[in-house]
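Peer 1: Have a look at this one before I ask anything.
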Amino acid sequence: MSTGYILDHTAVSALAHGSIYMAARVVRSVEQVQPLYVPAAAFAQGLADSALGEVTQMLQDALTAPCFVFRPLDESACWAVAQLAHERAAALPAAHTAHLALGSGLPVLTRQPETYKHIDARVITEPIG
């Protein structure tokens with residue numbers, strides 16, 4: 001049986017708003033190599049709940065578009081991404097994106113293409129303005 005926690009949308013929102021409890025939970029989970037599972041739908045809702053003002057409506061409208069496919073990490077991919085981030089001194093979100101790009105061959109839309117070239121030259125990027 002796996003250990004760890006599952007974060008719902010309220011936990012994601014609390015983390016985004018700087019909750020001391022959630023920050024401590026993340027640090028402790030990293031120290032104990034304990035996964036924090038974030039369902040894609042909970043992540044999207046938590047992110048939308050964290051946005052302010054007019055941005056909230058735009059974000060909610062965008063995230064409900066049928067073209068979005070949230071790609072979670074299973075446990076083995078989680079460790080592969082962590083290793084990639086460590087070996088390339090990259091941030092975990094960038095490592096997750098690179099992992100997905102390498103596995104799918106799809107290009108990454110980014111404002112920082114050099115980040116992905118540093119991780120792996122095979123990652124195809126398309127700069128955005």
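Here, A, B, ... name the chains of the structure tokens in the order displayed, residue numbers run from 1 inside each chain, and ligands are numbered from 1 in the same displayed order.
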Hey, what does DSSP flag as alpha helix (DSSP H) within chain A? Can you give it to me as a PyMOL selection string?
Peer 2: chain A and resi 9-16+20-31+40-50+53-63+75-88+92-104+113-119
Peer 1: Show me, as a PDB file with N, CA, C and O atoms, in the first residue's frame, the residues that have an atom within 6 Å of A:Pro127 when counting only C-alpha atoms, minus same-chain residues fewer than 3 positions from it.
Peer 2:
```
ATOM      1  N   LEU A 109       5.122  24.596 -25.516  1.00  0.00           N
ATOM      2  CA  LEU A 109       4.909  26.037 -25.661  1.00  0.00           C
ATOM      3  C   LEU A 109       5.481  26.698 -24.421  1.00  0.00           C
ATOM      4  O   LEU A 109       5.094  26.365 -23.304  1.00  0.00           O
ATOM      5  N   THR A 110       6.415  27.640 -24.604  1.00  0.00           N
ATOM      6  CA  THR A 110       7.108  28.207 -23.446  1.00  0.00           C
ATOM      7  C   THR A 110       7.665  29.590 -23.730  1.00  0.00           C
ATOM      8  O   THR A 110       7.926  29.935 -24.886  1.00  0.00           O
ATOM      9  N   ARG A 111       7.852  30.323 -22.657  1.00  0.00           N
ATOM     10  CA  ARG A 111       8.573  31.595 -22.731  1.00  0.00           C
ATOM     11  C   ARG A 111      10.046  31.385 -22.415  1.00  0.00           C
ATOM     12  O   ARG A 111      10.835  32.319 -22.529  1.00  0.00           O
TER      13      ARG A 111
END
```
Peer 1: Contacts of A:Thr125 at 12 Å or less, counting only C-alpha atoms, minus same-chain residues fewer than 6 places along, as a PyMOL selection string?
Peer 2: chain A and resi 97-98+101-102+105-119
Peer 1: How would you write, as a list in words, the set of residues in chain A that DSSP gives as strand (DSSP E)?
Peer 2: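 Reading the DSSP output for chain A, strand (DSSP E) covers Tyr5, Ile6, Leu36, Tyr37, Val108, Leu109, Thr110, Thr125, Glu126 and Pro127 of chain A.
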Peer 1: Dump N, CA and C atoms for the selected residues as a compact mmCIF listing (two decimals), in the first residue's frame?
Peer 2:
```txt
# COMPACT_ATOMS: atom_id res chain seq x y z
N TYR A 5 -0.41 11.58 0.73
CA TYR A 5 -1.66 12.31 0.88
C TYR A 5 -2.19 12.66 -0.49
N ILE A 6 -3.48 12.87 -0.58
CA ILE A 6 -4.10 13.39 -1.79
C ILE A 6 -4.57 14.80 -1.47
N LEU A 36 2.66 13.44 -2.61
CA LEU A 36 1.44 14.21 -2.45
C LEU A 36 0.72 14.13 -3.79
N TYR A 37 -0.35 13.36 -3.84
CA TYR A 37 -1.09 13.15 -5.08
C TYR A 37 -2.04 14.31 -5.31
N VAL A 108 6.82 21.84 -26.67
CA VAL A 108 6.46 22.57 -25.46
C VAL A 108 6.29 24.04 -25.82
N LEU A 109 5.12 24.60 -25.52
CA LEU A 109 4.91 26.04 -25.66
C LEU A 109 5.48 26.70 -24.42
N THR A 110 6.42 27.64 -24.60
CA THR A 110 7.11 28.21 -23.45
C THR A 110 7.67 29.59 -23.73
N THR A 125 10.76 22.80 -28.61
CA THR A 125 10.07 23.93 -27.99
C THR A 125 9.53 24.87 -29.07
N GLU A 126 8.49 25.57 -28.71
CA GLU A 126 7.92 26.61 -29.55
C GLU A 126 7.74 27.83 -28.67
N PRO A 127 8.57 28.88 -28.88
CA PRO A 127 8.48 30.06 -28.03
C PRO A 127 7.15 30.79 -28.19
```
Peer 1: List the spatial neighbours of A:His17 as a VMD selection string - criterion: any atom at most 10 Å away, only C-alpha atoms, same-chain residues fewer than 6 positions off excluded.
Peer 2: chain A and resid 11 49 to 51
Peer 1: Find, counting only C-alpha atoms, the residue in A:Ser104, A:Ala80, A:Ala89, A:Ala42 that gets nearest to A:Arg122.
Peer 2: A:Ser104
Peer 1: Identify which of the residues A:Trp79, A:Tyr21, A:Phe43, A:Phe70 lies closest to A:Leu92, counting only C-alpha atoms when measuring atom-to-atom distances.
Peer 2: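 Using only C-alpha atoms, A:Leu92 sits closest to A:Trp79.
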Peer 1: Go ahead and compute the interatomic distance for atom CA of A:Asp74 and atom CA of A:Glu31, in Å to one decimal.
Peer 2: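 So the answer is 19.6 Å.
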Peer 1: Hey, which of A:Val81, A:Glu87, A:Thr3, A:Asp120 ends up closest to A:His99? Count only C-alpha atoms.
Peer 2: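 Residue with the minimum atom-to-atom distance to A:His99: A:Val81.
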Peer 1: So, with only C-alpha atoms as the atoms that count, which of A:Leu73, A:Arg25, A:Gln60, A:Ala16 lies closest to A:Val38?
Peer 2: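 The closest residue to A:Val38 is A:Leu73.
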Peer 1: Pick the closest to A:Val30 from A:Gly4, A:Pro72, A:Ile124, A:Pro93: which is it, counting only C-alpha atoms?
Peer 2: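 Using only C-alpha atoms, A:Val30 sits closest to A:Gly4.
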